[in-house]
Structure formats: C-alpha cells, structure tokens
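Q: Take a look at this one; I'll ask things after.
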Number of protein chains: 6
Amino acid sequence: MFKHDKALLQEVKVDGPNPAYAAMMQEQLGGPHGELKAALQYMSQSMSIKDPEIKDLFLDIASEELGHMEMVATTVNLLNGHTLDANNATIGSIQAHVSTGLTPALTSASGQYWTAAYIEETGDLAADILSNISAEQRAKVVYQYLYRQINDKGVRETIDFLLNREEAHNTMFREAFNRLQDTGSLKDWGVTKDSKLYFNLSTPGGQFFNANNPQPPSFNSPNAAGGPKM
Amino acid sequence: MFKHDKALLQEVKVDGPNPAYAAMMQEQLGGPHGELKAALQYMSQSMSIKDPEIKDLFLDIASEELGHMEMVATTVNLLNGHTLDANNATIGSIQAHVSTGLTPALTSASGQYWTAAYIEETGDLAADILSNISAEQRAKVVYQYLYRQINDKGVRETIDFLLNREEAHNTMFREAFNRLQDTGSLKDWGVTKDSKLYFNLSTPGGQFFNANNPQPPSFNSPNAAGGPKM
Amino acid sequence: MFKHDKALLQEVKVDGPNPAYAAMMQEQLGGPHGELKAALQYMSQSMSIKDPEIKDLFLDIASEELGHMEMVATTVNLLNGHTLDANNATIGSIQAHVSTGLTPALTSASGQYWTAAYIEETGDLAADILSNISAEQRAKVVYQYLYRQINDKGVRETIDFLLNREEAHNTMFREAFNRLQDTGSLKDWGVTKDSKLYFNLSTPGGQFFNANNPQPPSFNSPNAAGGPKM
Amino acid sequence: MFKHDKALLQEVKVDGPNPAYAAMMQEQLGGPHGELKAALQYMSQSMSIKDPEIKDLFLDIASEELGHMEMVATTVNLLNGHTLDANNATIGSIQAHVSTGLTPALTSASGQYWTAAYIEETGDLAADILSNISAEQRAKVVYQYLYRQINDKGVRETIDFLLNREEAHNTMFREAFNRLQDTGSLKDWGVTKDSKLYFNLSTPGGQFFNANNPQPPSFNSPNAAGGPKM
Amino acid sequence: MFKHDKALLQEVKVDGPNPAYAAMMQEQLGGPHGELKAALQYMSQSMSIKDPEIKDLFLDIASEELGHMEMVATTVNLLNGHTLDANNATIGSIQAHVSTGLTPALTSASGQYWTAAYIEETGDLAADILSNISAEQRAKVVYQYLYRQINDKGVRETIDFLLNREEAHNTMFREAFNRLQDTGSLKDWGVTKDSKLYFNLSTPGGQFFNANNPQPPSFNSPNAAGGPKM
Amino acid sequence: MFKHDKALLQEVKVDGPNPAYAAMMQEQLGGPHGELKAALQYMSQSMSIKDPEIKDLFLDIASEELGHMEMVATTVNLLNGHTLDANNATIGSIQAHVSTGLTPALTSASGQYWTAAYIEETGDLAADILSNISAEQRAKVVYQYLYRQINDKGVRETIDFLLNREEAHNTMFREAFNRLQDTGSLKDWGVTKDSKLYFNLSTPGGQFFNANNPQPPSFNSPNAAGGPKM
C-alpha cells in the first residue's frame with residue numbers, strides 16, 4: 001500500500017512568478033521523460049518481479065518519483081502565480097489559463113496528455129532495468145536543458161536536487177542489473193552468424209562499426225567533487 | 001534519400017495460414033517494441049547527430065529496420081490467408097477483417113495505432129544510444145515470446161533471423177556508446193551528496209542497494225555456438 | 001512525499017487461474033474508470049487546493065487508490081497464471097502474451113493505453129468534487145459488472161472490498177462538497193432567463209423536464225445491512 | 001434522425017478580430033469540457049436508455065450542444081479574421097495557420113485532438129447522469145475562466161448565454177436524477193463495514209471526514225436576479 | 001442549430017442477437033471510416049465555407065451521417081442482446097461487457113477510442129471535397145466487408161441502405177467538386193519541371209508511370225439495375 | 001529492403017535561423033498531412049497490392065517521401081539554430097527546447113505526436129488511391145500556407161520543390177487509378193433507389209445537388225508555364 005506524508009522530499013521555492021517557465025517545467029510532470037512516467041514505469045514493472053530485494057528497489061524508487069512529482073507540481077504552482085491571463089501567456093501554457101485554472105496538469109510542456117505509451121515494460125527483468133537506466137539518463141538530460149534556461153535560484157536548487165536523484169537511481173539500477181548475468185533475455189539466444197553481420201545499407205561510405213566483436217558498454221565513474229558543471 | 005529494393009532482406013515463408021498468430025505477429029510491425037518504432041527512433045535521432053560515422057550507423061540500422069517491417073508484414077500477410085472471416089477470428093484481428101481487408105496495419109497486436117509517443121529522443125547522444133540499447137533488448141524479448149508460441153518452421157526462421165539482427169544492432173550501438181566517454185550527459189554533473197543518498201521509502205525491510213558506489217552495468221559476451229536456446 | 005508499505009491494503013487470492021477474466025479485471029487497473037485514473041485525478045486536483053483538510057482528504061484517497069491498483073494488479077497476476085499462450089487466450093489479453101510477459105499493464109481491458117485525457121480537473125473545488133463523486137459511482141458500476149461475471153470466491157471478495165471502498169470515498173467526497181456552499185462555481189453566476197429556458201429540439205413529443213425550478217439531486221442513504229445484492 | 005436549421009441558436013458577434021482569444025475559445029469546441037464532448041457524451045449514453053422521457057431529454061440536450069458547437073465555431077471564425085499569420089500568432093493557434101487555413105478544428109486550445117476518452121459512459125443511468133451533472137459544472141467553470149479574460153462585448157454575450165444554458169441543463173439532469181432513487185447503481189450494494197472505514201494514509205494529521213455517516217450532497221438554489229457575478 | 005427527430009432515417013432490425021458481429025459493426029460507429037468520422041468531418045469543414053449552397057450540402061450530409069450513427073448504434077444494441085457475458089464474448093467486445101454495460105461506445109471494433117486525428121480538414125474546398133470523396137469510398141469498402149460476413153437479413157438490409165447512401169453522398173460531393181475548377185488548391189501552382197519528374201527509387205525494375213502527362217481520374221457511371229453484387 | 005543514400009534528394013538551405021518558422025515547418029514532418037504520413041500510408045497500403053507495377057509505384061513514392069522527411073528535418077534544424085532558448089521561443093516550439101534539444105521530432109506544429117490514426121488504409125486499391133490523391137492535395141495546401149508565411153529564399157525553394165513533387169505524385173496516382181475501372185469498390189454495388197435519394201435535412205432552403213445523376217469529378221490540366229502563383 002502507499003502512504004502520503006505531507007512533507008515534501010525537499011522544500012521548494014522560487015524567486016518569483018514566471019508563467020512561461022512554469023509551462024516548461026510542466027514537461028517533467030507529465031512529459032515523456034518526466035516524473036509520472038518514471039513512477040508508473042517502475043510501479044508497473046514491479047508487478048511481476050519475484051526477487052524481493054529488486055521488487056523493493058523498484059517500489060522504493062517509484063515512491064520517490066511520486067514525491068518528485070509533488071516537488072515539480074509545487075514549483076509549477078509557484079511559477080504560475082495566481083492570475084489567469086492567457087492573453088499575455090507565452091508558449092504552452094494556454095490550457096492552464098482556460099481549462100485547469102492554473103492547477104498543474106498531467107501533460108507535457110506543449111499540452112499533450114500523458115499516455116501509458118511512454119511506459120517500457122516487457123516482464124523481462126534485464127530488459128526492464130536497461131529501460132530504466134536509459135529513462136533516468138533521459139530525465140537527467142531534460143533537467144539539464146531546463147537548468148540552462150532559468151536563473152531563478154530556487155528553481156535551480158530544485159532541479160539540481162532532482163537531477164542528482166536521477167543519478168542515484170541510475171547507480172542503483174546498474175547495481176541491480178549486475179546481479180542478472182545470464183538470466184532472462186541476457187541469456188545467449190544461441191548466437192548465429194546473423195548476429196555478426198553488418199548490412200551496409202547506407203551509401204556512399206564505408207563500414208565503421210563491427211558487429212562481430214561484442215563489447216559491453218563502458219561507463220566512467222562520476223568524480224566525487226560537487227557542484228554542477230555545464 | 002531512401003531507396004527501395006524489391007528483394008526482402010531475407011526471404012520469408014510460413015508452413016500455413018494462422019490468422020490468430022498473424023495478429024500476434026502484428027505486435028512487431030506496429031507495437032511499442034516493433035520494427036516501425038526502431039526505424040523511426042533511429043531516423044529521428046539521427047537528424048541532429050554531428051559525428052558522421054555515428055550518423056551513418058543510425059541511418060544504416062534505421063534502413064534495415066524498415067526492411068524488417070517488410071519481412072514482418074509479409075509474414076502477417078501469409079499467416080492471414082485470403083478470407084475475411086472475423087466471426088471465426090481470434091483475439092486482436094477483428095479490424096483486419098472489417099477495416100483493412102487483411103492488409104497489415106501500423107497497429108499493435110490489440111489494434112492500438114502506432115504513436116510517436118513510443119519514440120525516445122533527447123538530442124543527447126549518450127542518452128539516445130542507451131535508449132537504443134534498451135529498445136533492442138525489448139525487441140529481442142518480444143521475439144522470444146513470439147518464438148515460444150509458434151511451431152511453424154518458416155515463422156521460426158524469420159523470428160530467429162530478426163532476433164539475431166537485434167543482437168547485431170545492440171553490439172554496434174554499444175561500440176558507438178563506448179566512444180562517448182565524458183561527453184554530453186555522461187559528463188559528470190558535479191556530483192553532490194544528493195546523488196549518493198538512498199531514500200528508503202519502502203517498508204518494512206532494509207536497504208539492499210548502494211547509491212554511494214557507482215558501478216557500470218556489466219555484460220557477458222555471448223558465446224559463439226549457434227542455435228536458439230529457450 | 002509518498003511511501004510504500006509492502007503489505008497490501010487487504011490480502012487478495014483467487015480460486016484458480018482464469019486468463020480471460022484477467023483481461024477483464026485489467027479494466028480497473030488501466031481503464032477509464034479504474035484505480036489509476038482515480039489515484040491520479042485526486043492527486044493532480046489536490047495540487048492547487050488551499051483548504052488543508054480537503055487537500056489531505058484528496059491525498060489520502062489518492063494513496064488508497066494506489067493501494068487498490070496493487071490489489072487489482074496482484075489479482076490479474078494470479079488469474080493470468082504463468083504460461084504464455086496467446087493462441088488459446090481469449091479476448092483482450094493478447095498483448096499480455098506477446099508484449100509484457102503476463103505482467104499487468106496500464107491499459108484497459110481491450111489494450112488501450114491509459115491516457116490523462118481520462119482526468120477531470122478544473123481547479124474549481126466544487127466542480128472537481130462533483131467530478132469525483134461521479135467517478136466513484138462509475139467505478140462502482142464497473143465493479144458490479146465484473147462481480148456478476150465471475151464465480152471465483154477470492155476474486156469476488158476482492159471486488160466486494162474495492163466496491164465498498166468506493167462507497168466510503170463517495171461518502172467523504174459528499175461531506176467535503178457540503179462545505180462549499182456558495183463558493184467557486186457554486187456561486188450563482190447571476191442567473192438570467194437563459195438558464196430557465198427549455199429548448200425543445202427533439203420531436204415529436206412534449207416537454208418532460210422543467211429548467212425553471214432548480215432542485216438539488218437527492219440521494220437515499222444506504223441501509224445498514226451487509227452483503228452484496230444483485 | 002438529426003436535422004439542421006441554418007439559424008444559430010442565438011446570433012453571435014464579436015467587437016473585432018482577436019486571434020489569441022480565438023485559440024482560447026477553441027477549448028470549448030474541442031477541449032475536454034467543451035461542447036463536442038457534451039453532445040457526444042449525451043448522444044452515446046442515450047443509446048441504451050429505456051425510459052422514453054429521459055432518452056428524449058438526453059437527445060434534446062445533445063442536439064442543443066451541437067448547436068452550441070456552431071456558436072463557438074462561428075465565434076472562433078470571427079475572432080480569427082482572414083489572414084494567415086502564424087509568425088505573429090500567439091500561443092496555441094499555430095495549426096490554424098499552417099494546417100486548417102483558419103477553419104476551427106476539433107482540438108483543444110493547445111491543439112490536442114478531441115478523443116472519445118473524454119466521454120463518460122457506463123450504461124448505468126444514475127452514474128451517467130451524475131457524470132453529466134459534473135460535466136456541466138466543469139463546462140461552466142471553463143466559460144467563467146474565458147469570460148474573465150476578454151472584454152469583447154459580443155464574445156461576453158455569447159459566453160453568458162452558453163454558461164446559462166449549462167445551468168439549465170444541470171437543472172434538468174438533476175430533475176432526471178431524482179427519479180432514479182434505489183435503481184441501478186444507486187441501489188444499496190449490501191453495505192459492509194468496509195464502506196464505513198477511513199484509511200488514514202496521509203500523515204501527519206488527524207481525520208477530518210467521516211465515512212460512517214453518509215449524507216447526500218447539498219446544493220443551494222440559484223437566486224433569481226440576473227446579470228453575471230464574478 | 002441541430003434538431004432531433006425520434007424516427008430513425010430507416011427502421012432497423014436484426015434476425016437475432018450476435019454479440020461477435022455487434023463488435024464488428026462497432027467499426028462503423030466509432031472507427032476511422034465510420035459514421036461519426038463522416039459527420040464530424042463534414043461539420044467541421046463546413047465551418048469556414050462561404051458558398052451557401054455547398055455549405056448547406058455539407059451540413060445536410062453531416063446531419064444524415066448523425067442519423068446513420070443512430071442506425072448503426074441501434075443495430076449494435078439489438079445484436080448485443082441484454083446479457084453481460086464477456087467470458088463467452090468473442091473478439092473486440094470485452095469493454096462492452098465490463099465498461100459500458102453493452103451500450104454502444106464511440107470506439108472502433110478493437111476498442112480504440114475515436115479521435116479527431118481521423119478528420120481531414122484543410123480549409124481549402126477542393127482538397128476537402130476530394131477528402132470527402134475518398135472518405136465515402138472507404139466507408140463503402142468497410143460496409144462491403146461487413147456485408148460479406150453476415151447472413152442476418154435485417155443487418156444486411158441496413159448495411160445495403162447505408163452503403164447506397166454513401167454512394168449518393170459521393171455523387172453529390174463530385175457534383176460540388178466540379179464547380180471548383182481553377183480555384184483554391186486546384187489553381188495551377190506555376191508548374192515547374194519538378195512536377196514532371198519521376199524519381200525511380202525502387203529497384204530493380206523500370207518505370208511504369210508518367211508524371212509528365214497529367215490526366216484526370218476517370219470514373220464509370222454506376223448502372224441503373226438494382227441489387228447488391230459481390 | 002530499404003537503403004539510405006547520404007545525399008538529400010535536393011540540397012536545402014536557409015537564409016538564416018528562424019525558430020518560430022521551424023515550429024511551423026514541423027507540421028510537414030510529423031503533422032496529419034506531412035511527409036511521414038505520406039510515406040507510411042503508401043508503404044502500408046502496398047503490403048497487400050498484387051499488381052507489381054502499382055506496388056512498385058507505391059514503394060517508389062513512399063521512398064521519395066522518406067527523402068522529403070529528411071529535407072524537411074534538415075530545414076527545421078537549420079531554422080532552429082543551436083541555442084536552447086524557450087523563454088524567447090514563440091508558439092509551438094517549447095518541446096524542442098526542453099525535451100529534444102532542438103532535434104526535430106515526429107510531431108505536428110503544436111507538438112502532437114504523430115499517430116497511425118492519420119493513415120487511410122482499406123485494402124481496396126481504388127479506395128486507397130483515391131485516399132492518396134486527396135492526401136497529396138492536402139499536402140499541397142499545407143505547403144501553400146507555409147510558402148505564404150515566409151520570405152526566406154532558401155526555404156521557399158525547398159517548399160516549391162516539395163510542393164511540385166506532390167503534384168507529380170498526384171499525376172501518377174491518377175494514372176494508376178485510371179487502370180482500375182470496374183474493379184474492387186469501383187464495381188457497381190447494384191445501385192438501388194437509396195443511392196439516388198437526397199434527404200434534405202437542412203432547412204430552410206432548397207436542394208442544390210442531384211444524387212440522381214452521377215458524374216465523375218473533373219480536373220483541369222495544369223498548364224505548362226512555370227513559377228509559383230499565389
């Protein structure tokens with residue numbers, strides 16, 4: 001079961017109203033790489049996980065992402081201020097003014113309703129964790145884009161917190177992934193010559209990659225020193 | 001520009017009509033992990049890639065996935081046979097009988113229209129390649145599910161070919177990923193203490209994963225011996 | 001913030017696998033009147049509520065609906081059993097067999113992805129609570145339909161619990177509604193003669209309803225005796 | 001069958017072109033609480049109603065809502081004026097300039113296509129009428145938001161008319177609802193102790209509402225004096 | 001404004017219940033080529049037509065298509081019968097049993113919600129009428145598919161009526177089209193050599209069509225003798 | 001199979017960045033009348049065509065439309081420039097700045113994801129070619145709207161090329177259509193009196209069109225002199 005604690009995971013504040021940026025921030029509430037997507041992806045994937053520790057991890061992170069949603073929504077609220085004024089609104093925010101009375105909605109920055117088509121779910125644990133690793137990376141990218149386009153100190157602190165949390169999730173998903181060697185879809189499918197071929201269908205030009213020598217992806221460890229770098 | 005060659009990438013055949021399985025196979029034509037999704041994801045991601053070799057790789061694989069679409073569609077055609085008979089059709093295929101006259105459509109197995117909401121695109125090369133690695137893994141999982149539910153020798157050969165091709169793509173995407181160390185979103189965001197925290201929001205129970213010690217995901221190399229294992 | 005407790009709100013069990021009914025039960029996981037819709041509707045509406053008690057009520061019920069999702073998903077899991085077999089599956093469940101490996105998905109019974117277009121949100125508290133009262137009524141109706149089509153004792157107990165909880169929510173939403181007299185959209189909009197007119201646009205036939213004499217909707221109190229009646 | 005009369009239900013005019021407001025007004029043509037939604041919801045619900053007077057009421061109001069669509073669309077036309085000029089357009093209206101040549105479209109203010117996912121339909125008359133009562137309330141809220149953001153006298157007259165008509169519909173739906181005591185989903189489902197519980201899942205804080213003492217929602221009658229109040 | 005007449009355009013009946021075929025017939029209620037699509041396409045296109053006779057034609061046919069919707073819905077009702085029984089239902093109809101209580105819904109045969117993405121609207125009269133001519137042809141094709149898969153005499157009479165009405169609409173749309181020579185998008189765009197080229201991008205094989213010699217499409221007149229031919 | 005050639009069908013350039021127009025140009029990448037729709041419509045229709053010359057034509061044009069997508073996407077890239085700056089962006093482009101890092105996406109100008117609901121496919125060759133003729137006409141209309149709203153010489157040259165190519169496709173589809181007399185859905189359905197009726201459902205007013213005297217649509221030949229006319 002889920003429970004709600006009135007405290008936010010971390011307090012949010014903004015230097016002042018900024019309705020245009022409120023619309024941009026909406027992207028991480030109801031957009032394809034946003035917090036709702038993350039929460040529901042991990043929650044629905046967890047529904048058939050048998051390993052109790054990994055299932056617990058998924059539900060832990062899903063719960064945290066629901067808490068992130070609250071932080072993003074509270075930020076959108078503060079940025080929107082209190083006055084309906086679509087005539088002077090900038091891009092993306094018109095429905096906030098005519099349909100939801102400035103209440104944050106489960107839509108992307110351009111007003112597209114959230115859809116479960118965003119969710120990647122296969123019931124195969126290896127594939128699902130790889131999906132989550134890439135989802136966290138995409139969420140990080142969007143927070144970087146958002147960070148670069150705002151000077152509001154309060155908003156930047158919130159984004160910095162959320163972005164670093166995606167990194168923490170990524171670390172834990174990778175750790176879980178490393179427990180899965182040779183299980184499920186990571187099991188060798190009986191590799192045939194077909195998996196070694198390179199069909200060079202793009203011309204003119206040579207062949208730059210080699211399907212015949214599989215290597216794992218490599219990741220450098222993040223260093224320990226703090227403070228965002230852009 | 002794109003060109004079409006009338007030959008299929010590999011000939012397809014089926015032992016006999018099987019309309020129920022035709023509906024299942026539709027999943028890889030227009031479903032969330034299917035060939036159209038792969039082709040269009042790589043094609044749209046490629047639109048802003050500056051590295052000419054990686055851009056070439058993306059368009060190469062996109063072209064091949066369009067060719068896979070043709071193989072899947074031809075298989076669906078052969079499995080559907082030629083007689084409209086929705087009254088005796090099984091799950092999923094009703095629209096084939098009343099709307100498209102048995103022509104394969106860009107829908108999932110349950111008739112949901114393909115949507116670009118399936119596409120993962122951020123303009124950050126590291127995030128996009130990780131998305132592609134996970135997408136190939138999910139495609140492999142679906143082909144494994146399909147393989148297990150059919151005895152038709154022709155269909156199994158086609159699935160085996162397509163599944164092994166996803167492995168080849170995955171190998172090449174990993175190779176491309178390994179060129180990207182410390183670029184784009186792989187650059188350290190100035191790791192703060194927030195990225196080392198574990199919020200234990202799931203009770204009762206301890207803490208099984210460690211956000212404080214980031215490790216890369218590890219992958220075993222596939223062995224060399226051929227033939228599908230299930 | 002949200003937290004997860006590993007215990008279900010109430011234990012669920014089934015007499016035995018029933019994949020066809022699993023597909024039907026999916027409707028209350030990811031369908032238009034299901035638990036996800038309820039949870040997210042109350043959660044997103046709550047984002048701009050100023051009255052702390054009413055905000056608390058909305059988040060309380062939202063949390064409970066997330067717990068209902070888990071109960072429904074666990075029931076779907078138990079009904080699906082463990083064997084992929086779409087060829088013998090009945091209506092609606094094909095994607096469980098080819099796409100999600102029998103993991104419950106955020107879709108309706110016919111495989112349509114959940115969409116935030118289901119959510120009713122206006123930022124006006126009176127309108128939003130009326131929306132919730134009607135949403136709870138619709139959820140009750142769907143559970144009644146489901147109850148009538150299954151004899152499995154375990155499933156019936158789960159449905160009976162969930163249905164009665166919707167009644168409890170409805171009672172509390174009505175209580176909250178009764179605090180709102182003459183506020184927000186319940187305030188008289190300066191009633192004009194236009195609101196008293198009946199345009200009789202349907203012929204042939206008389207006029208059976210009277211726009212000139214507004215009455216509140218009336219509700220009988222449920223009686224106290226237990227046990228489902230059909 | 002349906003028939004069309006060339007006269008509008010009430011003449012519409014605008015003081016002058018206002019393309020930004022045209023985009024806002026679109027919300028009530030093709031948005032989630034707009035006229036098309038209302039018309040099609042009542043029309044599709046009516047398809048299984050057996051009580052001839054209530055069926056007639058639903059089709060009467062559905063017909064009127066189709067007439068409201070025409071009024072909204074004509075207003076959008078007048079506000080758009082005749083010149084394609086997306087470069088100087090404000091939020092929401094870009095597709096009017098590049099895709100529909102300024103013809104009103106069945107989309108929301110932010111360009112989202114109308115979807116039948118907006119429609120609430122259960123086949124249970126009590127649930128359906130409650131859905132309609134809440135739908136009319138939401139439509140009223142959106143018209144209030146629109147009214148507050150325009151000074152154009154013609155547009156305000158049209159909105160005032162449409163808003164008051166929603167009130168009239170609401171009066172009639174409530175009257176119809178009051179005929180249904182103890183039928184369909186209003187019948188007591190055999191109330192159990194589960195429907196009296198309050199799960200207090202939100203902390204910290206007490207319990208402000210009481211599931212153990214069901215009361216009907218109460219509504220004050222609108223007063224008789226005319227003229228909008230804001 | 002629109003008005004409703006309780007009489008159907010033509011009485012419908014069925015020989016007996018047939019829930020599987022009810023699901024198939026749904027396609028023409030809420031599917032991509034169905035009656036709702038036709039009605040709303042012509043209605044929304046009409047919103048900017050200036051020629052009063054052509055505008056009248058569009059609204060006339062839109063009204064008739066709304067009447068067709070009623071005929072299709074009534075047929076679906078009769079075919080569904082009165083008993084919820086999804087366990088024995090065949091393809092496509094599960095939501096009728098668990099969500100709408102057998103009330104026809106605005107969905108396709110596979111349960112996909114109707115979407116305004118089906119509507120073709122450009123604000124250019126020539127393009128819009130060509131869209132309508134092709135839409136009527138597609139509707140005819142779907143009715144032919146449906147006709148071939150049912151022996152119920154009542155249903156066949158209804159389909160025959162509806163199919164012939166689409167022919168009548170097509171005749172009238174063609175007549176309207178022929179008034180438009182050299183207007184709007186039919187005006188020559190200053191034809192350049194680019195419009196005469198044939199890019200032969202498909203190999204191997206020659207070139208079978210000639211872009212250099214534009215000819216109008218030709219249509220044979222239907223003959224006068226009655227009775228469906230298959 | 002499909003192959004990719006690195007050369008564009010025709011080189012594209014722009015006089016300078018123009019992010020607002022980039023958003024408008026997106027319409028022809030992922031909008032309802034855009035290049036992706038055309039490519040995938042012809043590709044999926046081709047999947048059941050038996051006439052080898054017509055099948056070849058469909059795949060030829062589909063391949064060309066994929067090449068048009070690249071031209072449109074490259075133009076969008078050039079117009080977007082390189083700086084994320086949603087705060088100063090105009091209508092429609094917000095997601096380019098916060099979600100895709102200025103990479104063109106498969107969405108319409110207002111950010112709506114491309115959906116296969118745009119595709120018209122029936123499996124009947126006559127209906128499908130008529131659909132394609134109308135689709136090409138709509139694409140031409142959108143290019144005309146775009147042409148009128150830009151002075152950039154490079155963009156105008158690209159639009160002029162693409163628009164003239166749609167004319168060429170239209171010429172070839174008409175030629176293919178003219179081979180189909182009296183086949184498929186062009187076969188007379190046994191015309192009954194129902195197809196000759198005119199239901200005059202629109203009042204007041206007379207009857208301006210005649211369902212009793214079917215005529216083919218007529219098309220004037222484009223003249224030979226070059227250069228766009230507006």
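Convention: chains lettered A, B, ... in structure tokens order; per-chain residue numbering from 1; ligands numbered from 1 as shown.
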Residues of chain A within 9 Å of chain F, counting only C-alpha atoms - could you list those as an MDAnalysis selection string?

A: chainID A and resid 20:21 23:25 27 31:33 90:92 108:112 138 141:146 148:150 200:205

Q: Using DSSP on the backbone, list every residue of chain B that comes out as alpha helix (DSSP H), and give them as a ChimeraX atom specification.

A: /B:19-30,35-46,52-80,94-98,125-148,153-177

Q: Give me the residues within 6 Å of stretch 155-167 of chain F as a ChimeraX atom specification, counting only C-alpha atoms and dropping any in the same chain fewer than 6 places off.

A: /E:194-195 /F:14,136,140

Q: Keeping only C-alpha atoms, write the selected residues as a PDB file, in the first residue's frame.

A:
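Result written to again-v1.pdb:
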ATOM      1  CA  ASP E 194       9.953  19.316 -60.673  1.00  0.00           C
ATOM      2  CA  SER E 195       6.336  18.289 -61.041  1.00  0.00           C
TER       3      SER E 195
ATOM      4  CA  VAL F  14      18.006  28.767 -45.315  1.00  0.00           C
ATOM      5  CA  GLU F 136      -1.395  14.753 -51.919  1.00  0.00           C
ATOM      6  CA  LYS F 140      -0.022  20.779 -51.344  1.00  0.00           C
TER       7      LYS F 140
END

Q: Hey, can you check how far atom CA of A:Gln28 sits from atom CA of A:Glu64?

A: 14.3 Å

Q: So that each row is one residue of stretch 34-69 of chain C with an atom at most 10 Å from stretch 114-128 of chain C, can you give its shortest atom pair and the distance in Å to one decimal, using only C-alpha atoms, rows by chain and rising number, as CSV?

A:
residue,atom,partner,partner_atom,distance
C:Gly34,CA,C:Trp114,CA,9.6
C:Leu36,CA,C:Trp114,CA,8.4
C:Lys37,CA,C:Ile119,CA,6.6
C:Ala38,CA,C:Ile119,CA,8.2
C:Ala39,CA,C:Ile119,CA,9.9
C:Leu40,CA,C:Ile119,CA,7.5
C:Gln41,CA,C:Ile119,CA,5.4
C:Tyr42,CA,C:Asp128,CA,8.8
C:Ser44,CA,C:Glu121,CA,7.6
C:Gln45,CA,C:Glu121,CA,5.9
C:Ser46,CA,C:Gly123,CA,8.8
C:Met47,CA,C:Gly123,CA,8.9
C:Ser48,CA,C:Gly123,CA,6.8
C:Ile49,CA,C:Leu125,CA,7.5
C:Lys50,CA,C:Leu125,CA,9.7
C:Asp51,CA,C:Leu125,CA,9.9
C:Ile54,CA,C:Leu125,CA,9.5

Q: Work out how far apart atom CA of C:Ser131 and atom CA of D:Ala135 are and give it in Å to one decimal.

A: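 About the pair atom CA of C:Ser131 and atom CA of D:Ala135: they are 7.4 Å apart.
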
Q: Taking the DSSP secondary structure from the backbone, can you list the residues of chain B that are strand (DSSP E), as a PyMOL selection string?

A: chain B and resi 2-5+202-203

Q: Would you put the residues from that selection into a file with N, CA, C and O atoms, as a PDB file, in the first residue's frame?

A:
ATOM      1  N   PHE B   2      16.145   7.858 -49.432  1.00  0.00           N
ATOM      2  CA  PHE B   2      15.941   6.427 -49.257  1.00  0.00           C
ATOM      3  C   PHE B   2      15.563   5.793 -50.596  1.00  0.00           C
ATOM      4  O   PHE B   2      14.910   6.420 -51.430  1.00  0.00           O
ATOM      5  N   LYS B   3      16.021   4.569 -50.773  1.00  0.00           N
ATOM      6  CA  LYS B   3      15.681   3.826 -51.982  1.00  0.00           C
ATOM      7  C   LYS B   3      15.111   2.464 -51.595  1.00  0.00           C
ATOM      8  O   LYS B   3      15.405   1.960 -50.505  1.00  0.00           O
ATOM      9  N   HIS B   4      14.307   1.905 -52.483  1.00  0.00           N
ATOM     10  CA  HIS B   4      13.705   0.625 -52.192  1.00  0.00           C
ATOM     11  C   HIS B   4      14.198  -0.439 -53.167  1.00  0.00           C
ATOM     12  O   HIS B   4      14.220  -0.216 -54.374  1.00  0.00           O
ATOM     13  N   ASP B   5      14.581  -1.562 -52.613  1.00  0.00           N
ATOM     14  CA  ASP B   5      14.991  -2.705 -53.425  1.00  0.00           C
ATOM     15  C   ASP B   5      13.937  -3.779 -53.231  1.00  0.00           C
ATOM     16  O   ASP B   5      13.596  -4.128 -52.088  1.00  0.00           O
ATOM     17  N   SER B 202      10.358   2.390   1.316  1.00  0.00           N
ATOM     18  CA  SER B 202       9.569   1.176   1.216  1.00  0.00           C
ATOM     19  C   SER B 202       9.760   0.371   2.491  1.00  0.00           C
ATOM     20  O   SER B 202      10.892   0.024   2.847  1.00  0.00           O
ATOM     21  N   THR B 203       8.661   0.098   3.174  1.00  0.00           N
ATOM     22  CA  THR B 203       8.752  -0.611   4.451  1.00  0.00           C
ATOM     23  C   THR B 203       7.805  -1.792   4.475  1.00  0.00           C
ATOM     24  O   THR B 203       6.848  -1.805   3.707  1.00  0.00           O
TER      25      THR B 203
END

Q: Just the number, please: distance in Å from atom CA of F:Ala22 to atom CA of F:Ala139, one decimal.

A: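 So the two atoms, atom CA of F:Ala22 and atom CA of F:Ala139, lie 17.4 Å apart.
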
Q: Give me the residues within 12 Å of E:Asn210 as a CSV table (one decimal) with C-alpha atoms, in the first residue's frame, counting only C-alpha atoms and dropping any in the same chain fewer than 5 places off.

A:
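File produced: out_10.csv:
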chain,number,residue,atom,x,y,z
E,195,SER,CA,6.3,18.3,-61.0
E,196,LYS,CA,7.1,16.3,-64.2
E,197,LEU,CA,10.0,14.2,-62.8
E,198,TYR,CA,9.8,10.6,-61.9
E,199,PHE,CA,12.4,9.6,-59.3
E,200,ASN,CA,12.8,5.9,-59.9
E,215,GLN,CA,-4.8,13.1,-66.7
F,57,LEU,CA,4.8,2.8,-57.8
F,168,ALA,CA,3.9,14.7,-59.7
F,169,HIS,CA,2.8,12.0,-57.3
F,170,ASN,CA,-0.8,13.1,-57.8
F,171,THR,CA,-0.4,12.7,-61.6
F,172,MET,CA,0.9,9.2,-61.2
F,173,PHE,CA,-1.7,8.1,-58.7
F,174,ARG,CA,-4.4,9.3,-61.1
F,175,GLU,CA,-2.8,7.3,-63.9
F,176,ALA,CA,-2.8,4.3,-61.6

Q: Identify, on the basis of only C-alpha atoms, every residue whose closest approach to D:Pro217 does not exceed 8 Å; exclude the query and any residue fewer than 5 positions from it along the same chain; express the result as a PyMOL selection string.

A: chain C and resi 174-175+177-178+217-219

Q: Just to be explicit: take each residue in the selection above, keep N, CA and C atoms, and write the result as an mmCIF file, in the first residue's frame.

A:
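Generated file (result.cif):
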data_model
loop_
_atom_site.group_PDB
_atom_site.id
_atom_site.type_symbol
_atom_site.label_atom_id
_atom_site.label_comp_id
_atom_site.auth_asym_id
_atom_site.auth_seq_id
_atom_site.Cartn_x
_atom_site.Cartn_y
_atom_site.Cartn_z
ATOM 1 N N ARG C 174 -18.783 13.637 -0.614
ATOM 2 C CA ARG C 174 -20.034 14.383 -0.437
ATOM 3 C C ARG C 174 -19.950 15.295 0.785
ATOM 4 N N GLU C 175 -19.331 14.788 1.835
ATOM 5 C CA GLU C 175 -19.185 15.597 3.040
ATOM 6 C C GLU C 175 -18.332 16.842 2.731
ATOM 7 N N PHE C 177 -18.010 18.192 -0.186
ATOM 8 C CA PHE C 177 -18.801 19.051 -1.073
ATOM 9 C C PHE C 177 -19.731 19.951 -0.273
ATOM 10 N N ASN C 178 -20.278 19.387 0.809
ATOM 11 C CA ASN C 178 -21.264 20.152 1.572
ATOM 12 C C ASN C 178 -20.649 21.319 2.345
ATOM 13 N N PRO C 217 -29.976 17.383 -6.544
ATOM 14 C CA PRO C 217 -30.146 15.935 -6.671
ATOM 15 C C PRO C 217 -30.383 15.339 -5.292
ATOM 16 N N SER C 218 -31.209 14.333 -5.192
ATOM 17 C CA SER C 218 -31.429 13.700 -3.891
ATOM 18 C C SER C 218 -30.824 12.300 -3.877
ATOM 19 N N PHE C 219 -30.360 11.905 -2.726
ATOM 20 C CA PHE C 219 -29.713 10.603 -2.562
ATOM 21 C C PHE C 219 -30.334 9.924 -1.351
#
